[in-house]
>>> print(open('structure.tsv').read())   # TSV, C-alpha atoms
chain	number	residue	atom	x	y	z
Z	600	MET	CA	5.68	-9.67	-22.72
Z	601	LYS	CA	5.75	-7.52	-19.61
Z	602	ASP	CA	7.59	-8.94	-16.65
Z	603	LEU	CA	9.58	-7.99	-13.54
Z	604	ASN	CA	11.77	-5.74	-15.69
Z	605	SER	CA	8.72	-3.67	-16.67
Z	606	ILE	CA	8.02	-2.61	-13.10
Z	607	LYS	CA	8.89	1.00	-12.29
Z	608	TYR	CA	11.40	0.81	-9.49
Z	609	ASN	CA	12.24	4.10	-7.80
Z	610	GLU	CA	15.62	5.84	-7.62
Z	611	ARG	CA	16.71	3.32	-4.96
Z	612	ASP	CA	15.58	0.38	-7.16
Z	613	LEU	CA	12.65	-0.23	-4.80
Z	614	VAL	CA	8.96	-0.69	-5.42
Z	615	PRO	CA	6.35	-0.34	-2.64
Z	616	VAL	CA	4.66	-3.61	-1.70
Z	617	ILE	CA	1.35	-3.94	0.12
Z	618	ALA	CA	0.65	-7.20	1.94
Z	619	GLN	CA	-2.98	-8.26	2.31
Z	620	ASP	CA	-4.24	-11.23	4.28
Z	621	TYR	CA	-5.92	-13.82	2.05
Z	622	GLU	CA	-8.37	-15.06	4.68
Z	623	THR	CA	-9.60	-11.82	6.27
Z	624	GLY	CA	-8.80	-9.31	3.51
Z	625	LYS	CA	-7.05	-7.12	6.08
Z	626	VAL	CA	-4.21	-4.93	4.85
Z	627	LEU	CA	-1.29	-6.16	6.93
Z	628	MET	CA	1.67	-3.91	6.15
Z	629	MET	CA	3.47	-1.87	3.54
Z	630	ALA	CA	7.13	-2.39	2.75
Z	631	TYR	CA	9.49	-2.34	-0.23
Z	632	ALA	CA	11.17	-4.81	-2.55
Z	633	LYS	CA	13.75	-4.81	-5.29
Z	634	LYS	CA	13.39	-6.94	-8.40
Z	635	GLU	CA	15.40	-9.72	-6.77
Z	636	GLN	CA	12.99	-9.98	-3.81
Z	637	LEU	CA	9.98	-10.06	-6.14
Z	638	ARG	CA	11.66	-12.87	-8.07
Z	639	LYS	CA	12.37	-14.87	-4.91
Z	640	THR	CA	8.82	-14.30	-3.65
Z	641	LEU	CA	7.38	-15.69	-6.88
Z	642	GLU	CA	9.78	-18.63	-6.95
Z	643	THR	CA	9.55	-19.69	-3.30
Z	644	GLY	CA	5.99	-18.66	-2.40
Z	645	LEU	CA	7.28	-16.83	0.69
Z	646	ALA	CA	7.20	-13.03	1.00
Z	647	PHE	CA	10.57	-11.37	0.56
Z	648	TYR	CA	11.12	-7.64	1.06
Z	649	TYR	CA	14.06	-5.27	1.10
Z	650	SER	CA	14.71	-3.55	4.42
Z	651	ARG	CA	15.55	0.10	3.84
Z	652	SER	CA	16.81	0.59	7.41
Z	653	ARG	CA	19.08	-2.48	7.42
Z	654	ASP	CA	19.83	-2.12	3.69
Z	655	GLU	CA	19.43	-5.84	3.10
Z	656	GLU	CA	17.09	-8.49	1.85
Z	657	TRP	CA	14.47	-9.53	4.34
Z	658	LEU	CA	12.59	-12.82	4.34
Z	659	LYS	CA	9.49	-11.99	6.36
Z	660	GLY	CA	9.31	-14.39	9.30
Z	661	ASP	CA	12.96	-15.38	9.16
Z	662	THR	CA	13.56	-14.23	12.74
Z	663	SER	CA	9.97	-14.13	14.11
Z	664	GLY	CA	8.61	-17.28	12.49
Z	665	ASN	CA	5.73	-15.20	11.14
Z	666	TYR	CA	6.15	-16.17	7.50
Z	667	GLN	CA	3.82	-14.96	4.79
Z	668	LYS	CA	2.83	-17.66	2.30
Z	669	VAL	CA	2.13	-15.83	-0.91
Z	670	VAL	CA	-1.03	-16.81	-2.75
Z	671	GLU	CA	-0.79	-14.17	-5.46
Z	672	VAL	CA	1.39	-11.26	-6.55
Z	673	ARG	CA	-0.47	-8.44	-8.28
Z	674	VAL	CA	0.76	-5.26	-9.98
Z	675	ASP	CA	-1.10	-2.00	-10.38
Z	676	CYS	CA	-2.10	-0.29	-13.63
Z	677	ASP	CA	0.97	1.91	-13.91
Z	678	MET	CA	3.30	-0.79	-12.58
Z	679	ASP	CA	4.72	1.23	-9.72
Z	680	SER	CA	3.28	-0.72	-6.82
Z	681	VAL	CA	2.82	-4.38	-5.96
Z	682	LEU	CA	0.31	-6.33	-3.88
Z	683	TYR	CA	1.18	-9.59	-2.12
Z	684	ILE	CA	-1.90	-11.60	-1.13
Z	685	VAL	CA	-0.68	-13.85	1.67
Z	686	LYS	CA	-1.57	-16.43	4.26
Z	687	GLN	CA	-0.08	-14.86	7.38
Z	688	ASP	CA	1.55	-17.16	9.94
Z	689	GLY	CA	0.95	-15.65	13.40
Z	690	VAL	CA	0.92	-11.87	13.14
Z	691	ALA	CA	2.31	-9.39	10.62
Z	692	CYS	CA	3.36	-6.62	13.00
Z	693	HIS	CA	6.40	-6.56	15.27
Z	694	THR	CA	4.14	-5.07	17.97
Z	695	GLY	CA	2.22	-8.35	18.16
Z	696	LYS	CA	-0.83	-6.97	16.35
Z	697	PHE	CA	-2.17	-8.92	13.39
Z	698	SER	CA	-1.96	-5.89	11.09
Z	699	CYS	CA	0.45	-2.96	11.28
Z	700	PHE	CA	-2.52	-0.64	10.62
Z	701	TYR	CA	-4.02	-1.06	14.09
Z	702	ARG	CA	-4.49	2.63	14.86
Z	703	LYS	CA	-6.72	5.22	13.31
Z	704	LEU	CA	-6.75	8.98	12.99
Z	705	ASN	CA	-9.79	10.90	14.18
Z	706	LYS	CA	-11.29	13.84	12.33
Z	707	LYS	CA	-8.94	16.23	14.12
Z	708	GLY	CA	-5.95	14.26	12.85
Z	709	GLU	CA	-5.15	12.74	16.25
Z	710	LEU	CA	-4.00	9.16	16.57
Z	711	GLU	CA	-6.34	6.86	18.45
Z	712	ASN	CA	-5.21	3.53	19.81
Z	713	GLU	CA	-7.52	0.59	19.69
U	1057	MET	CA	-0.65	13.25	21.59
U	1058	LYS	CA	0.44	11.90	18.24
U	1059	ASP	CA	-1.18	13.48	15.22
U	1060	LEU	CA	-0.62	14.33	11.56
U	1061	ASN	CA	2.69	15.97	12.47
U	1062	SER	CA	3.97	12.66	13.85
U	1063	ILE	CA	3.71	10.91	10.49
U	1064	LYS	CA	7.02	10.26	8.75
U	1065	TYR	CA	6.78	12.04	5.43
U	1066	ASN	CA	9.54	11.30	2.95
U	1067	GLU	CA	12.05	13.73	1.45
U	1068	ARG	CA	9.31	15.07	-0.84
U	1069	ASP	CA	6.93	15.53	2.14
U	1070	LEU	CA	4.84	12.60	0.90
U	1071	VAL	CA	3.52	9.53	2.64
U	1072	PRO	CA	2.28	6.47	0.72
U	1073	VAL	CA	-1.46	5.88	0.99
U	1074	ILE	CA	-3.24	2.61	0.29
U	1075	ALA	CA	-6.95	2.75	-0.53
U	1076	GLN	CA	-9.06	-0.26	0.38
U	1077	ASP	CA	-12.71	-0.75	-0.49
U	1078	TYR	CA	-14.93	-0.92	2.60
U	1079	GLU	CA	-17.52	-3.25	1.09
U	1080	THR	CA	-15.37	-5.84	-0.69
U	1081	GLY	CA	-12.05	-5.45	1.13
U	1082	LYS	CA	-10.30	-5.13	-2.22
U	1083	VAL	CA	-7.13	-3.07	-2.32
U	1084	LEU	CA	-7.99	-0.39	-4.86
U	1085	MET	CA	-4.86	1.66	-5.45
U	1086	MET	CA	-1.73	3.11	-3.94
U	1087	ALA	CA	-0.91	6.80	-4.14
U	1088	TYR	CA	0.68	9.53	-2.05
U	1089	ALA	CA	-0.43	12.42	0.15
U	1090	LYS	CA	1.11	15.34	1.97
U	1091	LYS	CA	-0.04	16.41	5.42
U	1092	GLU	CA	-2.47	18.87	3.88
U	1093	GLN	CA	-4.26	16.16	1.86
U	1094	LEU	CA	-4.52	13.92	4.92
U	1095	ARG	CA	-6.05	16.85	6.81
U	1096	LYS	CA	-8.57	17.55	4.05
U	1097	THR	CA	-9.46	13.85	3.79
U	1098	LEU	CA	-10.20	13.69	7.51
U	1099	GLU	CA	-12.17	16.94	7.47
U	1100	THR	CA	-14.25	16.36	4.34
U	1101	GLY	CA	-14.60	12.57	4.32
U	1102	LEU	CA	-13.46	12.48	0.68
U	1103	ALA	CA	-10.11	10.99	-0.36
U	1104	PHE	CA	-7.47	13.57	-1.25
U	1105	TYR	CA	-4.05	12.63	-2.64
U	1106	TYR	CA	-1.05	14.47	-4.01
U	1107	SER	CA	-0.23	13.77	-7.64
U	1108	ARG	CA	3.51	13.36	-8.08
U	1109	SER	CA	3.27	13.60	-11.88
U	1110	ARG	CA	1.16	16.76	-11.93
U	1111	ASP	CA	2.75	18.07	-8.73
U	1112	GLU	CA	-0.57	19.15	-7.29
U	1113	GLU	CA	-3.33	18.22	-4.91
U	1114	TRP	CA	-5.74	15.69	-6.27
U	1115	LEU	CA	-9.29	15.14	-5.07
U	1116	LYS	CA	-10.01	11.60	-6.25
U	1117	GLY	CA	-13.12	11.70	-8.44
U	1118	ASP	CA	-12.91	15.41	-9.18
U	1119	THR	CA	-12.70	14.79	-12.92
U	1120	SER	CA	-14.06	11.22	-13.20
U	1121	GLY	CA	-16.88	11.43	-10.66
U	1122	ASN	CA	-15.43	8.34	-8.98
U	1123	TYR	CA	-15.13	9.81	-5.50
U	1124	GLN	CA	-13.93	7.81	-2.54
U	1125	LYS	CA	-15.98	8.36	0.62
U	1126	VAL	CA	-13.59	7.74	3.46
U	1127	VAL	CA	-14.85	5.57	6.31
U	1128	GLU	CA	-11.59	5.40	8.23
U	1129	VAL	CA	-8.00	6.60	8.02
U	1130	ARG	CA	-5.46	4.24	9.60
U	1131	VAL	CA	-1.72	4.59	10.19
U	1132	ASP	CA	0.84	1.80	10.43
U	1133	CYS	CA	3.05	0.95	13.42
U	1134	ASP	CA	6.03	3.04	12.36
U	1135	MET	CA	3.86	5.84	10.99
U	1136	ASP	CA	5.28	5.85	7.50
U	1137	SER	CA	2.25	4.64	5.60
U	1138	VAL	CA	-1.47	5.35	5.66
U	1139	LEU	CA	-4.57	3.31	4.82
U	1140	TYR	CA	-7.80	4.89	3.59
U	1141	ILE	CA	-10.81	2.60	3.96
U	1142	VAL	CA	-13.32	3.94	1.46
U	1143	LYS	CA	-16.66	3.52	-0.19
U	1144	GLN	CA	-15.71	3.68	-3.86
U	1145	ASP	CA	-18.06	5.47	-6.25
U	1146	GLY	CA	-17.87	3.68	-9.62
U	1147	VAL	CA	-14.36	2.35	-10.15
U	1148	ALA	CA	-10.97	3.28	-8.71
U	1149	CYS	CA	-8.81	2.76	-11.79
U	1150	HIS	CA	-8.52	5.06	-14.80
U	1151	THR	CA	-8.60	1.90	-16.98
U	1152	GLY	CA	-12.20	1.30	-15.93
U	1153	LYS	CA	-11.30	-1.62	-13.65
U	1154	PHE	CA	-12.62	-1.54	-10.11
U	1155	SER	CA	-9.13	-1.95	-8.63
U	1156	CYS	CA	-5.81	-0.84	-10.08
U	1157	PHE	CA	-4.37	-4.23	-9.08
U	1158	TYR	CA	-6.19	-6.16	-11.82
U	1159	ARG	CA	-3.19	-8.07	-13.15
U	1160	LYS	CA	-1.00	-10.69	-11.57
U	1161	LEU	CA	2.50	-11.97	-12.03
U	1162	ASN	CA	3.03	-15.68	-12.67
U	1163	LYS	CA	5.84	-17.71	-11.09
U	1164	LYS	CA	8.16	-16.78	-13.94
U	1165	GLY	CA	7.58	-13.09	-13.21
U	1166	GLU	CA	5.46	-12.50	-16.31
U	1167	LEU	CA	2.43	-10.26	-16.22
U	1168	GLU	CA	-0.88	-11.99	-16.84
U	1169	ASN	CA	-3.98	-10.05	-17.77
U	1170	GLU	CA	-7.31	-11.06	-16.42
>>> encode(input="structure.tsv", output="structure tokens")
Amino acid sequence: MKDLNSIKYNERDLVPVIAQDYETGKVLMMAYAKKEQLRKTLETGLAFYYSRSRDEEWLKGDTSGNYQKVVEVRVDCDMDSVLYIVKQDGVACHTGKFSCFYRKLNKKGELENE
Amino acid sequence: MKDLNSIKYNERDLVPVIAQDYETGKVLMMAYAKKEQLRKTLETGLAFYYSRSRDEEWLKGDTSGNYQKVVEVRVDCDMDSVLYIVKQDGVACHTGKFSCFYRKLNKKGELENE
């Protein structure tokens, strides 16, 4: 049976993880996890990631209080990316926005704030 | 003004791109793009990616007919991931499923088919 060992982690043992809000369907953020963080996420029901910049495990909400309660963990067809479907406490983004994807690019490739 | 040059491409000049369906909100797939594919996506309104396995530009739907008509291109707070919001022609996944994320992991970390 396929399991967490079947996932294709990259050369740094990381897999990209998308977080999507269960209620609104909004894509909240993209981050990374190692096998250990996927395991903890499944066991605890809280979203764990691996911070590339701090090089350490990261329980989302541990400092901000903005925990993500994980409803479902999904894997894509070729098993090289993961989707957390979550109930977001507060906001997902450190800027205070609900989603990290709060800006769009116009046709000329320029960033527009909203 | 921030633009496509401000995006943080990785060491292979790629940025991860999430595709989300405009109508249903479903997360369809995750792939990668270089600056040139982001530019073409914005200009043409069709989703372009960069195939890491084939090492070439990839117009989604070019062989399958399952084009993605791009409604919006969003960027996250730290500008290292991109979100295409698309109207999906047909299905997104080469398996014939609408979304590539059609399987979930149970609490024990085992893959469950749906």
>>> interface_residues(input="structure.tsv", of="chain Z", to="chain U", cutoff="6 Å", atoms="only C-alpha atoms", output="PyMOL selection string")
chain Z and resi 601-603+624+641-642+672-676+699-700+702-704+706+708-710
>>> atom_distance(input="structure.tsv", atom1="atom CA of Glu656 of chain Z", atom2="atom CA of Arg1108 of chain U")
27.6 Å
>>> atom_distance(input="structure.tsv", atom1="atom CA of Asn712 of chain Z", atom2="atom CA of Val690 of chain Z")
17.9 Å
>>> atom_distance(input="structure.tsv", atom1="atom CA of Ala1089 of chain U", atom2="atom CA of Gly695 of chain Z")
27.6 Å
>>> closest_residue(input="structure.tsv", among="Z:Asp620, Z:Asp654, Z:Glu610, Z:Asp661", to="Ala691 of chain Z", atoms="all atoms listed in the file")
Z:Asp620
>>> residues_around(input="structure.tsv", residues="Leu645 of chain Z", least_positions_apart="4", cutoff="7 Å", atoms="all atoms listed in the file", output="VMD selection string")
chain Z and resid 640 666 to 669
>>> axis_aligned_box(input="structure.tsv", around="segment 604-619 of chain Z", padding_each_side="5 Å", output="JSON")
{"center_x": 6.9, "center_y": -1.2, "center_z": -7.2, "size_x": 29.7, "size_y": 24.1, "size_z": 29.0}
>>> closest_residue(input="structure.tsv", among="U:Trp1114, U:Phe1154, U:Tyr1078, U:Tyr1105", to="Lys1090 of chain U", atoms="only C-alpha atoms")
U:Tyr1105
>>> decode(input="structure.tsv", residues="segment 1086-1133 of chain U", atoms="C-alpha atoms", output="compact mmCIF listing (two decimals), in the first residue's frame")
# COMPACT_ATOMS: atom_id res chain seq x y z
CA MET U 1086 0.73 22.13 -8.97
CA ALA U 1087 3.46 22.69 -11.53
CA TYR U 1088 6.28 25.11 -12.28
CA ALA U 1089 6.94 28.08 -14.57
CA LYS U 1090 9.82 30.28 -15.56
CA LYS U 1091 9.42 34.02 -16.08
CA GLU U 1092 8.79 33.48 -19.77
CA GLN U 1093 5.81 31.15 -19.13
CA LEU U 1094 4.31 33.60 -16.63
CA ARG U 1095 4.65 36.32 -19.27
CA LYS U 1096 2.97 34.20 -21.95
CA THR U 1097 0.19 33.21 -19.55
CA LEU U 1098 -0.56 36.85 -18.79
CA GLU U 1099 -0.39 37.87 -22.44
CA THR U 1100 -2.41 35.02 -23.97
CA GLY U 1101 -4.81 34.16 -21.14
CA LEU U 1102 -3.87 30.48 -21.45
CA ALA U 1103 -1.90 28.64 -18.76
CA PHE U 1104 1.74 28.01 -19.65
CA TYR U 1105 4.08 25.96 -17.45
CA TYR U 1106 7.61 24.65 -17.68
CA SER U 1107 7.94 20.88 -17.69
CA ARG U 1108 10.83 19.81 -15.48
CA SER U 1109 10.81 16.25 -16.85
CA ARG U 1110 10.81 17.26 -20.51
CA ASP U 1111 12.83 20.41 -19.82
CA GLU U 1112 10.64 22.53 -22.07
CA GLU U 1113 7.81 24.99 -22.14
CA TRP U 1114 4.41 23.44 -21.80
CA LEU U 1115 1.14 24.98 -22.94
CA LYS U 1116 -1.41 23.11 -20.83
CA GLY U 1117 -3.92 21.48 -23.18
CA ASP U 1118 -1.67 21.62 -26.23
CA THR U 1119 -1.80 17.84 -26.66
CA SER U 1120 -4.91 16.93 -24.62
CA GLY U 1121 -7.16 19.83 -25.60
CA ASN U 1122 -7.70 20.50 -21.89
CA TYR U 1123 -6.67 24.15 -21.94
CA GLN U 1124 -6.82 26.35 -18.88
CA LYS U 1125 -8.25 29.81 -19.55
CA VAL U 1126 -6.64 32.05 -16.98
CA VAL U 1127 -8.93 34.45 -15.15
CA GLU U 1128 -6.33 35.79 -12.73
CA VAL U 1129 -2.68 35.36 -11.81
CA ARG U 1130 -1.90 35.94 -8.14
CA VAL U 1131 1.39 36.06 -6.24
CA ASP U 1132 1.97 35.26 -2.58
CA CYS U 1133 3.31 37.61 0.11
